[in-house]
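*Asks:* For reference, this is data.tsv, and it has TSV, C-alpha atoms.
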```tsv
chain	number	residue	atom	x	y	z
Z	1	MET	CA	-6.56	-47.47	21.93
Z	2	LEU	CA	-5.63	-49.02	25.25
Z	3	ASP	CA	-7.46	-48.42	28.53
Z	4	ARG	CA	-4.39	-46.80	30.14
Z	5	ASP	CA	-4.06	-44.30	27.28
Z	6	LEU	CA	-7.75	-43.44	27.43
Z	7	SER	CA	-7.65	-43.04	31.20
Z	8	LEU	CA	-4.90	-40.43	30.79
Z	9	LEU	CA	-6.96	-38.54	28.23
Z	10	TYR	CA	-10.13	-38.71	30.33
Z	11	ASN	CA	-8.18	-37.78	33.47
Z	12	VAL	CA	-9.34	-40.83	35.45
Z	13	THR	CA	-7.39	-43.79	36.79
Z	14	THR	CA	-7.27	-46.92	34.65
Z	15	GLY	CA	-8.91	-48.79	37.52
Z	16	ASN	CA	-11.85	-46.37	37.65
Z	17	LEU	CA	-12.22	-46.48	33.87
Z	18	ASN	CA	-12.37	-50.29	33.96
Z	19	LYS	CA	-14.84	-50.24	36.90
Z	20	ALA	CA	-17.18	-48.01	34.89
Z	21	ILE	CA	-16.90	-50.42	31.97
Z	22	ARG	CA	-17.58	-53.47	34.16
Z	23	ARG	CA	-20.71	-51.74	35.52
Z	24	ASN	CA	-21.88	-51.26	31.91
Z	25	LYS	CA	-20.57	-54.49	30.33
Z	26	GLU	CA	-23.60	-54.80	28.01
Z	27	ARG	CA	-22.52	-51.59	26.25
Z	28	PHE	CA	-19.14	-53.06	25.25
Z	29	PRO	CA	-19.50	-56.11	22.98
Z	30	SER	CA	-16.34	-57.76	21.65
Z	31	ASP	CA	-16.28	-55.57	18.52
Z	32	PHE	CA	-16.17	-52.44	20.76
Z	33	MET	CA	-13.59	-53.61	23.29
Z	34	PHE	CA	-11.45	-56.68	23.97
Z	35	GLN	CA	-8.72	-57.73	26.36
Z	36	LEU	CA	-5.24	-58.29	24.99
Z	37	THR	CA	-3.78	-61.78	25.28
Z	38	ARG	CA	-0.59	-62.31	27.29
Z	39	LYS	CA	1.36	-62.75	24.06
Z	40	GLU	CA	0.00	-59.47	22.62
Z	41	TYR	CA	0.74	-57.66	25.89
Z	42	ARG	CA	4.33	-58.99	26.03
Z	43	SER	CA	4.84	-57.90	22.44
Z	44	LEU	CA	3.46	-54.47	23.24
Z	45	ARG	CA	5.66	-54.16	26.33
Z	46	PHE	CA	8.70	-55.24	24.30
Z	47	GLN	CA	8.00	-52.50	21.74
Z	48	SER	CA	7.72	-49.91	24.52
Z	49	GLY	CA	11.39	-50.26	25.42
Z	50	ILE	CA	12.87	-50.64	28.89
Z	51	LEU	CA	10.26	-51.02	31.61
Z	52	LYS	CA	10.36	-49.17	34.90
Z	53	ARG	CA	9.49	-51.14	38.01
Z	54	GLY	CA	5.81	-50.61	38.88
Z	55	ALA	CA	5.11	-48.61	35.72
Z	56	HIS	CA	3.02	-51.36	34.08
Z	57	SER	CA	-0.13	-53.03	35.31
Z	58	LYS	CA	-0.19	-56.67	36.28
Z	59	TYR	CA	-3.59	-56.91	34.56
Z	60	LEU	CA	-3.96	-57.41	30.84
Z	61	PRO	CA	-5.10	-54.15	29.23
Z	62	HIS	CA	-8.29	-53.62	27.29
Z	63	ALA	CA	-8.17	-52.33	23.73
Z	64	PHE	CA	-10.98	-50.17	22.35
Z	65	THR	CA	-12.20	-49.79	18.79
Z	66	GLN	CA	-13.61	-46.51	17.51
Z	67	GLU	CA	-17.10	-47.66	18.51
Z	68	GLY	CA	-15.94	-48.58	22.00
Z	69	ILE	CA	-14.38	-45.16	22.49
Z	70	ALA	CA	-17.63	-43.53	21.35
Z	71	MET	CA	-19.51	-45.66	23.88
Z	72	LEU	CA	-17.23	-44.45	26.67
Z	73	SER	CA	-18.88	-41.02	26.50
Z	74	SER	CA	-22.15	-42.60	27.67
Z	75	VAL	CA	-20.36	-44.33	30.55
Z	76	LEU	CA	-18.05	-41.49	31.62
Z	77	ARG	CA	-20.49	-38.61	31.84
Z	78	SER	CA	-18.35	-35.53	32.17
Z	79	LYS	CA	-17.55	-32.48	30.08
Z	80	ARG	CA	-13.97	-33.75	29.78
Z	81	ALA	CA	-15.19	-37.12	28.43
Z	82	ALA	CA	-17.36	-35.43	25.81
Z	83	TYR	CA	-14.52	-33.09	24.80
Z	84	VAL	CA	-11.98	-35.92	24.52
Z	85	ASN	CA	-14.43	-38.14	22.60
Z	86	ILE	CA	-15.03	-35.43	20.00
Z	87	HIS	CA	-11.30	-35.05	19.40
Z	88	ILE	CA	-10.65	-38.79	19.27
Z	89	MET	CA	-13.45	-39.27	16.72
Z	90	ARG	CA	-12.04	-36.43	14.61
Z	91	ALA	CA	-8.60	-38.05	14.77
Z	92	PHE	CA	-10.05	-41.38	13.55
Z	93	VAL	CA	-11.80	-39.65	10.65
Z	94	THR	CA	-8.62	-37.77	9.69
Z	95	MET	CA	-6.52	-40.93	9.92
Z	96	ARG	CA	-8.97	-42.84	7.75
Z	97	ARG	CA	-8.98	-40.04	5.17
Z	98	ILE	CA	-5.16	-39.91	5.07
Z	99	LEU	CA	-4.88	-43.68	4.69
Z	100	SER	CA	-7.46	-43.88	1.92
Z	101	THR	CA	-5.82	-40.98	0.07
Z	102	ASN	CA	-2.40	-42.62	0.32
Z	103	ILE	CA	-3.71	-45.98	-0.83
Z	104	SER	CA	-5.38	-44.39	-3.85
Z	105	LEU	CA	-2.28	-42.32	-4.60
Z	106	LYS	CA	-0.03	-45.38	-4.26
Z	107	ARG	CA	-2.14	-47.29	-6.79
Z	108	LYS	CA	-1.92	-44.40	-9.27
Z	109	ILE	CA	1.86	-44.17	-8.80
Z	110	ASP	CA	2.22	-47.94	-9.32
Z	111	ASP	CA	0.20	-47.69	-12.55
Z	112	LEU	CA	2.28	-44.74	-13.71
Z	113	GLU	CA	5.48	-46.63	-12.90
Z	114	LYS	CA	4.39	-49.54	-15.11
Z	115	ILE	CA	3.59	-47.22	-18.01
Z	116	VAL	CA	6.86	-45.29	-17.68
Z	117	THR	CA	8.87	-48.50	-17.44
Z	118	ILE	CA	7.34	-49.83	-20.65
Z	119	LYS	CA	7.70	-46.58	-22.63
Z	120	PHE	CA	11.08	-45.38	-21.39
Z	121	LYS	CA	13.25	-48.45	-20.88
Z	122	ALA	CA	16.43	-46.48	-21.63
Z	123	HIS	CA	15.84	-44.27	-18.57
Z	124	ASP	CA	14.56	-47.08	-16.37
Z	125	SER	CA	17.14	-46.73	-13.56
Z	126	GLN	CA	16.53	-42.99	-13.27
Z	127	PHE	CA	12.77	-43.51	-13.05
Z	128	GLN	CA	13.23	-46.23	-10.45
Z	129	ILE	CA	15.01	-43.71	-8.23
Z	130	VAL	CA	12.18	-41.19	-8.70
Z	131	PHE	CA	9.48	-43.76	-7.91
Z	132	ALA	CA	11.38	-45.09	-4.88
Z	133	THR	CA	11.63	-41.54	-3.53
Z	134	ILE	CA	7.92	-40.89	-4.07
Z	135	LYS	CA	7.03	-44.12	-2.27
Z	136	LYS	CA	9.25	-43.18	0.68
Z	137	LEU	CA	7.46	-39.84	0.88
Z	138	LEU	CA	4.10	-41.58	0.86
Z	139	VAL	CA	5.12	-43.86	3.73
Z	140	SER	CA	6.47	-40.98	5.82
Z	141	SER	CA	3.34	-38.87	5.24
Z	142	ALA	CA	1.15	-41.77	6.41
Z	143	GLU	CA	3.01	-42.10	9.73
Z	144	PRO	CA	1.02	-40.68	12.64
Z	145	LYS	CA	2.04	-37.29	13.92
Z	146	ARG	CA	3.31	-36.97	17.46
Z	147	LYS	CA	1.21	-35.81	20.38
Z	148	ILE	CA	-2.31	-34.36	20.19
Z	149	GLY	CA	-2.91	-31.69	22.82
Z	150	PHE	CA	-6.09	-31.32	24.86
Z	151	ARG	CA	-7.30	-28.44	27.00
```
Translate this structure into structure tokens?

*Replies:*
Amino acid sequence: MLDRDLSLLYNVTTGNLNKAIRRNKERFPSDFMFQLTRKEYRSLRFQSGILKRGAHSKYLPHAFTQEGIAMLSSVLRSKRAAYVNIHIMRAFVTMRRILSTNISLKRKIDDLEKIVTIKFKAHDSQFQIVFATIKKLLVSSAEPKRKIGFR
């Protein structure tokens, strides 16, 4: 997650979030947090659509891993920070569970497709349609849901 997104969740400014991190730099090794490169940031801005003047920082944003987000709770000591951290960690766990389930399910479907193709060559085109539809459903179920609400 990016610093600006986390600052919105924690209800602090991005500048204050980054100040707290700079004061506790030893708690954020490179596998917890890193700064995007200019190329990564441009790509991210391009994907965001049309930019409004003044809506984006002139500084390169920081990206946080799950561990970095967990560490933020020790730096931002508030009830809001603890509450947000709990929900973010739960979201990571849920996302990981969904992805692993879909990967396992996709493998099983691929295996089944091979077996069906070998045994039922006469109906091959009909089965291809069925398997294509199942795969589309898998992809759409793995897409993240919209907004998560916080109190």

*Asks:* In Å, rounded to a single decimal, give me how far CA of Met95 in chain Z is from CA of Leu36 in chain Z.

*Replies:*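 A separation of 23.0 Å between them.
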
*Asks:* Rounded to one decimal in Å, what is the spacing between CA of His62 in chain Z and CA of Phe32 in chain Z?

*Replies:* 10.3 Å

*Asks:* Could you tell me how far CA of Val75 in chain Z sits from CA of Asn24 in chain Z, in Å to one decimal place?

*Replies:* 7.2 Å

*Asks:* Using all atoms listed in the file, determine which residues lie at most 6 Å from Phe64 in chain Z, disregarding the query and same-chain residues fewer than 2 positions distant; provide the list as number ranges by chain.

*Replies:* Z: 1, 32-33, 68

*Asks:* Using only C-alpha atoms, which residue out of Z:Leu72, Z:Pro61, Z:Pro29, Z:Lys108 lies closest to Arg42 in chain Z?

*Replies:*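 Looking at the shortest contact to Arg42 in chain Z, the residue is Z:Pro61.
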
*Asks:* Determine the nearest neighbour of Ser7 in chain Z from the options Z:Thr37, Z:Ser30, Z:Gln66, Z:Asn85, counting only C-alpha atoms.

*Replies:* Z:Asn85

*Asks:* Find, counting all atoms listed in the file, the residue in Z:Leu112, Z:Leu2, Z:Leu99, Z:Val130 that gets nearest to Leu17 in chain Z.

*Replies:*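 Smallest separation from Leu17 in chain Z among the options: Z:Leu2.
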
*Asks:* May I have the protein, DNA and RNA residues with any atom at most 12 Å from the point (-7.9, -33.8, 23.6), counting all atoms listed in the file, written as an mmCIF file with C-alpha atoms, in the frame of the given file?

*Replies:*
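As written to disk, result02.cif reads:
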```cif
data_model
loop_
_atom_site.group_PDB
_atom_site.id
_atom_site.type_symbol
_atom_site.label_atom_id
_atom_site.label_comp_id
_atom_site.auth_asym_id
_atom_site.auth_seq_id
_atom_site.Cartn_x
_atom_site.Cartn_y
_atom_site.Cartn_z
ATOM 1 C CA ASP Z 5 -4.060 -44.300 27.280
ATOM 2 C CA LEU Z 6 -7.750 -43.440 27.430
ATOM 3 C CA SER Z 7 -7.650 -43.040 31.200
ATOM 4 C CA LEU Z 8 -4.900 -40.430 30.790
ATOM 5 C CA LEU Z 9 -6.960 -38.540 28.230
ATOM 6 C CA TYR Z 10 -10.130 -38.710 30.330
ATOM 7 C CA ASN Z 11 -8.180 -37.780 33.470
ATOM 8 C CA LYS Z 79 -17.550 -32.480 30.080
ATOM 9 C CA ARG Z 80 -13.970 -33.750 29.780
ATOM 10 C CA ALA Z 81 -15.190 -37.120 28.430
ATOM 11 C CA ALA Z 82 -17.360 -35.430 25.810
ATOM 12 C CA TYR Z 83 -14.520 -33.090 24.800
ATOM 13 C CA VAL Z 84 -11.980 -35.920 24.520
ATOM 14 C CA ASN Z 85 -14.430 -38.140 22.600
ATOM 15 C CA ILE Z 86 -15.030 -35.430 20.000
ATOM 16 C CA HIS Z 87 -11.300 -35.050 19.400
ATOM 17 C CA ILE Z 88 -10.650 -38.790 19.270
ATOM 18 C CA MET Z 89 -13.450 -39.270 16.720
ATOM 19 C CA ARG Z 90 -12.040 -36.430 14.610
ATOM 20 C CA ALA Z 91 -8.600 -38.050 14.770
ATOM 21 C CA LYS Z 147 1.210 -35.810 20.380
ATOM 22 C CA ILE Z 148 -2.310 -34.360 20.190
ATOM 23 C CA GLY Z 149 -2.910 -31.690 22.820
ATOM 24 C CA PHE Z 150 -6.090 -31.320 24.860
ATOM 25 C CA ARG Z 151 -7.300 -28.440 27.000
#
```

*Asks:* I'd like to know which of Z:Ser73, Z:Asn16, Z:Ile103, Z:Arg38 is closest to Tyr59 in chain Z, using all atoms listed in the file.

*Replies:*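 So, comparing all the options, the nearest one is Z:Arg38.
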
*Asks:* Using only C-alpha atoms, which residue out of Z:Ser78, Z:Phe28, Z:Thr13, Z:Lys106 lies closest to Leu137 in chain Z?

*Replies:*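 Ranked by minimum distance to Leu137 in chain Z, first place goes to Z:Lys106.
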